$ cat structure37.pdb   # PDB, C-alpha atoms
ATOM      1  CA  GLN V  18     174.279  13.869  92.529  1.00  0.00           C
ATOM      2  CA  VAL V  19     171.016  12.051  91.939  1.00  0.00           C
ATOM      3  CA  GLN V  20     167.918  14.151  92.393  1.00  0.00           C
ATOM      4  CA  LEU V  21     164.244  13.450  91.739  1.00  0.00           C
ATOM      5  CA  VAL V  22     161.640  16.207  91.840  1.00  0.00           C
ATOM      6  CA  GLU V  23     157.945  15.387  91.576  1.00  0.00           C
ATOM      7  CA  SER V  24     155.209  17.831  90.648  1.00  0.00           C
ATOM      8  CA  GLY V  25     151.661  17.921  89.370  1.00  0.00           C
ATOM      9  CA  GLY V  26     149.773  16.821  92.432  1.00  0.00           C
ATOM     10  CA  HIS V  27     146.744  18.846  93.497  1.00  0.00           C
ATOM     11  CA  LEU V  28     143.103  18.634  94.543  1.00  0.00           C
ATOM     12  CA  VAL V  29     140.817  17.042  91.960  1.00  0.00           C
ATOM     13  CA  GLN V  30     137.255  15.777  91.952  1.00  0.00           C
ATOM     14  CA  PRO V  31     136.385  12.103  91.547  1.00  0.00           C
ATOM     15  CA  GLY V  32     136.443  11.094  87.909  1.00  0.00           C
ATOM     16  CA  GLU V  33     138.955  13.738  86.877  1.00  0.00           C
ATOM     17  CA  SER V  34     142.464  13.212  85.587  1.00  0.00           C
ATOM     18  CA  LEU V  35     145.906  14.531  86.334  1.00  0.00           C
ATOM     19  CA  ARG V  36     149.488  14.009  85.241  1.00  0.00           C
ATOM     20  CA  LEU V  37     152.388  13.750  87.638  1.00  0.00           C
ATOM     21  CA  SER V  38     155.932  14.550  86.578  1.00  0.00           C
ATOM     22  CA  CYS V  39     159.270  13.422  87.942  1.00  0.00           C
ATOM     23  CA  VAL V  40     162.266  15.414  86.754  1.00  0.00           C
ATOM     24  CA  ALA V  41     165.519  13.542  87.236  1.00  0.00           C
ATOM     25  CA  SER V  42     169.062  14.828  87.388  1.00  0.00           C
ATOM     26  CA  GLY V  43     172.421  13.249  88.030  1.00  0.00           C
ATOM     27  CA  PHE V  44     171.666  10.171  85.941  1.00  0.00           C
ATOM     28  CA  THR V  45     169.891   9.118  82.749  1.00  0.00           C
ATOM     29  CA  ILE V  46     166.405   7.770  83.370  1.00  0.00           C
ATOM     30  CA  ARG V  47     166.577   5.806  80.145  1.00  0.00           C
ATOM     31  CA  ARG V  48     169.054   3.478  81.833  1.00  0.00           C
ATOM     32  CA  ALA V  49     167.245   3.129  85.143  1.00  0.00           C
ATOM     33  CA  LEU V  50     164.264   1.253  86.487  1.00  0.00           C
ATOM     34  CA  MET V  51     161.801   4.033  87.241  1.00  0.00           C
ATOM     35  CA  ARG V  52     158.826   3.588  89.521  1.00  0.00           C
ATOM     36  CA  TRP V  53     155.949   5.463  91.113  1.00  0.00           C
ATOM     37  CA  TYR V  54     154.833   4.701  94.646  1.00  0.00           C
ATOM     38  CA  ARG V  55     152.199   6.290  96.831  1.00  0.00           C
ATOM     39  CA  GLN V  56     151.459   6.536 100.514  1.00  0.00           C
ATOM     40  CA  ALA V  57     148.053   7.313 101.932  1.00  0.00           C
ATOM     41  CA  PRO V  58     147.638   8.624 105.476  1.00  0.00           C
ATOM     42  CA  GLY V  59     148.125   5.858 108.005  1.00  0.00           C
ATOM     43  CA  LYS V  60     149.089   3.316 105.361  1.00  0.00           C
ATOM     44  CA  ALA V  61     152.318   1.813 104.099  1.00  0.00           C
ATOM     45  CA  ARG V  62     153.914   3.053 100.919  1.00  0.00           C
ATOM     46  CA  GLU V  63     152.672   1.009  97.965  1.00  0.00           C
ATOM     47  CA  PHE V  64     153.814   0.370  94.429  1.00  0.00           C
ATOM     48  CA  VAL V  65     151.846   2.088  91.674  1.00  0.00           C
ATOM     49  CA  ALA V  66     153.678   1.610  88.368  1.00  0.00           C
ATOM     50  CA  LEU V  67     157.057   1.097  86.762  1.00  0.00           C
ATOM     51  CA  ILE V  68     158.801   1.559  83.450  1.00  0.00           C
ATOM     52  CA  SER V  69     161.999  -0.297  82.716  1.00  0.00           C
ATOM     53  CA  SER V  70     164.931   0.594  80.507  1.00  0.00           C
ATOM     54  CA  ALA V  71     163.417  -1.792  77.982  1.00  0.00           C
ATOM     55  CA  ASP V  72     160.141   0.157  78.102  1.00  0.00           C
ATOM     56  CA  THR V  73     158.337  -2.612  79.937  1.00  0.00           C
ATOM     57  CA  THR V  74     155.503  -1.211  82.052  1.00  0.00           C
ATOM     58  CA  VAL V  75     153.802  -2.762  85.073  1.00  0.00           C
ATOM     59  CA  PHE V  76     150.870  -1.426  87.058  1.00  0.00           C
ATOM     60  CA  ALA V  77     149.357  -2.181  90.409  1.00  0.00           C
ATOM     61  CA  ASP V  78     145.929  -3.775  90.170  1.00  0.00           C
ATOM     62  CA  SER V  79     144.451  -0.766  91.912  1.00  0.00           C
ATOM     63  CA  VAL V  80     145.345   1.557  89.010  1.00  0.00           C
ATOM     64  CA  LYS V  81     145.418  -0.865  86.076  1.00  0.00           C
ATOM     65  CA  GLY V  82     143.372   0.507  83.193  1.00  0.00           C
ATOM     66  CA  ARG V  83     143.374   4.012  84.680  1.00  0.00           C
ATOM     67  CA  ALA V  84     147.067   4.840  84.679  1.00  0.00           C
ATOM     68  CA  THR V  85     149.747   5.322  82.068  1.00  0.00           C
ATOM     69  CA  ILE V  86     153.458   5.619  82.791  1.00  0.00           C
ATOM     70  CA  SER V  87     155.803   7.191  80.290  1.00  0.00           C
ATOM     71  CA  ARG V  88     159.202   8.733  79.920  1.00  0.00           C
ATOM     72  CA  ASP V  89     160.612  11.656  77.940  1.00  0.00           C
ATOM     73  CA  ASP V  90     164.279  10.911  77.521  1.00  0.00           C
ATOM     74  CA  ASP V  91     165.073  14.352  76.100  1.00  0.00           C
ATOM     75  CA  LYS V  92     163.683  15.970  79.243  1.00  0.00           C
ATOM     76  CA  ASN V  93     164.941  13.204  81.536  1.00  0.00           C
ATOM     77  CA  THR V  94     161.445  13.156  82.970  1.00  0.00           C
ATOM     78  CA  MET V  95     158.994  10.433  83.891  1.00  0.00           C
ATOM     79  CA  TYR V  96     155.235  10.869  83.948  1.00  0.00           C
ATOM     80  CA  LEU V  97     152.235   9.203  85.523  1.00  0.00           C
ATOM     81  CA  GLN V  98     148.883   9.932  83.890  1.00  0.00           C
ATOM     82  CA  MET V  99     145.980   9.017  86.143  1.00  0.00           C
ATOM     83  CA  ASN V 100     142.407   8.982  84.863  1.00  0.00           C
ATOM     84  CA  SER V 101     139.041   8.341  86.504  1.00  0.00           C
ATOM     85  CA  LEU V 102     140.499   9.273  89.851  1.00  0.00           C
ATOM     86  CA  LYS V 103     138.867   7.912  92.997  1.00  0.00           C
ATOM     87  CA  PRO V 104     138.978   9.129  96.603  1.00  0.00           C
ATOM     88  CA  GLU V 105     141.100   6.084  97.429  1.00  0.00           C
ATOM     89  CA  ASP V 106     143.788   7.446  95.091  1.00  0.00           C
ATOM     90  CA  THR V 107     144.424  10.198  97.621  1.00  0.00           C
ATOM     91  CA  ALA V 108     148.054   9.926  98.705  1.00  0.00           C
ATOM     92  CA  VAL V 109     151.499  11.389  98.447  1.00  0.00           C
ATOM     93  CA  TYR V 110     153.007  10.111  95.216  1.00  0.00           C
ATOM     94  CA  TYR V 111     156.728   9.404  95.115  1.00  0.00           C
ATOM     95  CA  CYS V 112     159.113   8.927  92.242  1.00  0.00           C
ATOM     96  CA  ASN V 113     161.739   6.193  92.644  1.00  0.00           C
ATOM     97  CA  ALA V 114     164.831   5.392  90.637  1.00  0.00           C
ATOM     98  CA  LYS V 115     166.665   2.130  91.064  1.00  0.00           C
ATOM     99  CA  ILE V 116     170.248   2.611  89.948  1.00  0.00           C
ATOM    100  CA  THR V 117     173.033   1.368  92.170  1.00  0.00           C
ATOM    101  CA  SER V 118     170.543   1.776  94.985  1.00  0.00           C
ATOM    102  CA  ASP V 119     167.111   3.270  95.460  1.00  0.00           C
ATOM    103  CA  PHE V 120     166.633   7.010  95.182  1.00  0.00           C
ATOM    104  CA  TRP V 121     163.449   8.854  96.136  1.00  0.00           C
ATOM    105  CA  GLY V 122     161.876  12.208  95.467  1.00  0.00           C
ATOM    106  CA  GLN V 123     160.166  14.319  98.100  1.00  0.00           C
ATOM    107  CA  GLY V 124     156.661  13.446  96.913  1.00  0.00           C
ATOM    108  CA  THR V 125     153.671  15.335  95.560  1.00  0.00           C
ATOM    109  CA  GLN V 126     150.237  15.358  97.197  1.00  0.00           C
ATOM    110  CA  VAL V 127     147.230  14.128  95.261  1.00  0.00           C
ATOM    111  CA  THR V 128     143.842  14.657  96.862  1.00  0.00           C
ATOM    112  CA  VAL V 129     140.670  13.314  95.265  1.00  0.00           C
ATOM    113  CA  SER V 130     137.598  14.762  96.882  1.00  0.00           C
ATOM    114  CA  SER V 131     134.303  16.349  95.988  1.00  0.00           C
TER
END
$ encode --input "structure37.pdb" --output "structure tokens"
Amino acid sequence: QVQLVESGGHLVQPGESLRLSCVASGFTIRRALMRWYRQAPGKAREFVALISSADTTVFADSVKGRATISRDDDKNTMYLQMNSLKPEDTAVYYCNAKITSDFWGQGTQVTVSS
């Protein structure tokens, strides 16, 4: 059974950093296309970053230069490091795994506010 559990979201001030985690079970993340998405209040869910099985990484323009995506295969966990956070980064962040189909976590709330 595929399961994705995000954590690490919390309230931060503008300019601060945080790291989100996505613990996967039921499959090996090393073999999957892993992505982060986010959804702000009243807005559609949007792509943030991905890491492929070949370790290719892609970032949305909105986070490029401020975000790093990585994977710990031993822990079967994916991470999203976000730096220089802005109020517009406030959203629920979701982990996604594309295997035979798309699987989603429950999300973790990130709030950037002074």
$ closest_residue --input "structure37.pdb" --among "V:Leu37, V:Asn100, V:Ser24, V:Gln30" --to "V:Arg83" --atoms "all atoms listed in the file"
V:Asn100
$ resolve_selection --input "structure37.pdb" --expression "the PyMOL selection byres ((chain V and resi 31) around 10)" --output "list in words"
Leu28, Val29, Gln30, Gly32, Glu33, Ser34, Asn100, Ser101, Leu102, Lys103, Pro104, Glu105, Asp106, Thr128, Val129, Ser130 and Ser131 of chain V
$ resolve_selection --input "structure37.pdb" --expression "the PyMOL selection byres ((chain V and resi 61-73) around 6)" --output "MDAnalysis selection string"
chainID V and resid 47:56 60 74:77
$ write_last_selection --input "structure37.pdb" --atoms "C-alpha atoms" --output "mmCIF file, keeping the file's coordinate frame"
data_model
loop_
_atom_site.group_PDB
_atom_site.id
_atom_site.type_symbol
_atom_site.label_atom_id
_atom_site.label_comp_id
_atom_site.auth_asym_id
_atom_site.auth_seq_id
_atom_site.Cartn_x
_atom_site.Cartn_y
_atom_site.Cartn_z
ATOM 1 C CA ARG V 47 166.577 5.806 80.145
ATOM 2 C CA ARG V 48 169.054 3.478 81.833
ATOM 3 C CA ALA V 49 167.245 3.129 85.143
ATOM 4 C CA LEU V 50 164.264 1.253 86.487
ATOM 5 C CA MET V 51 161.801 4.033 87.241
ATOM 6 C CA ARG V 52 158.826 3.588 89.521
ATOM 7 C CA TRP V 53 155.949 5.463 91.113
ATOM 8 C CA TYR V 54 154.833 4.701 94.646
ATOM 9 C CA ARG V 55 152.199 6.290 96.831
ATOM 10 C CA GLN V 56 151.459 6.536 100.514
ATOM 11 C CA LYS V 60 149.089 3.316 105.361
ATOM 12 C CA THR V 74 155.503 -1.211 82.052
ATOM 13 C CA VAL V 75 153.802 -2.762 85.073
ATOM 14 C CA PHE V 76 150.870 -1.426 87.058
ATOM 15 C CA ALA V 77 149.357 -2.181 90.409
#
$ resolve_selection --input "structure37.pdb" --expression "the PyMOL selection byres ((chain V and resi 19) around 9)" --output "list in words"
Gln18, Gln20, Leu21, Ala41, Ser42, Gly43, Phe44 and Phe120 of chain V
$ axis_aligned_box --input "structure37.pdb" --around "stretch 68-85 of chain V" --padding-each-side "6 Å" --output "AutoDock Vina command-line options"
--center_x 154.2 --center_y 0.8 --center_z 84.9 --size_x 33.6 --size_y 21.1 --size_z 25.9
$ atom_distance --input "structure37.pdb" --atom1 "atom CA of V:Gly25" --atom2 "atom CA of V:Ser38"
6.1 Å
$ atom_distance --input "structure37.pdb" --atom1 "atom CA of V:Ala108" --atom2 "atom CA of V:Asp91"
28.6 Å
$ closest_residue --input "structure37.pdb" --among "V:Met99, V:Leu35, V:Ile116, V:Val109" --to "V:Gly59" --atoms "all atoms listed in the file"
V:Val109
$ closest_residue --input "structure37.pdb" --among "V:Gly122, V:His27, V:Arg36, V:Ile46" --to "V:Asp89" --atoms "all atoms listed in the file"
V:Ile46
$ atom_distance --input "structure37.pdb" --atom1 "atom CA of V:Thr107" --atom2 "atom CA of V:Val127"
5.4 Å
$ closest_residue --input "structure37.pdb" --among "V:Gly26, V:Met95, V:Ala57, V:Ser79" --to "V:Cys39" --atoms "only C-alpha atoms"
V:Met95
$ closest_residue --input "structure37.pdb" --among "V:Ile86, V:Val80, V:Cys112, V:Val40" --to "V:Thr125" --atoms "only C-alpha atoms"
V:Cys112
$ residues_around --input "structure37.pdb" --residues "V:Gly124" --least-positions-apart "4" --cutoff "6 Å" --atoms "only C-alpha atoms" --output "ChimeraX atom specification"
/V:23,109-111
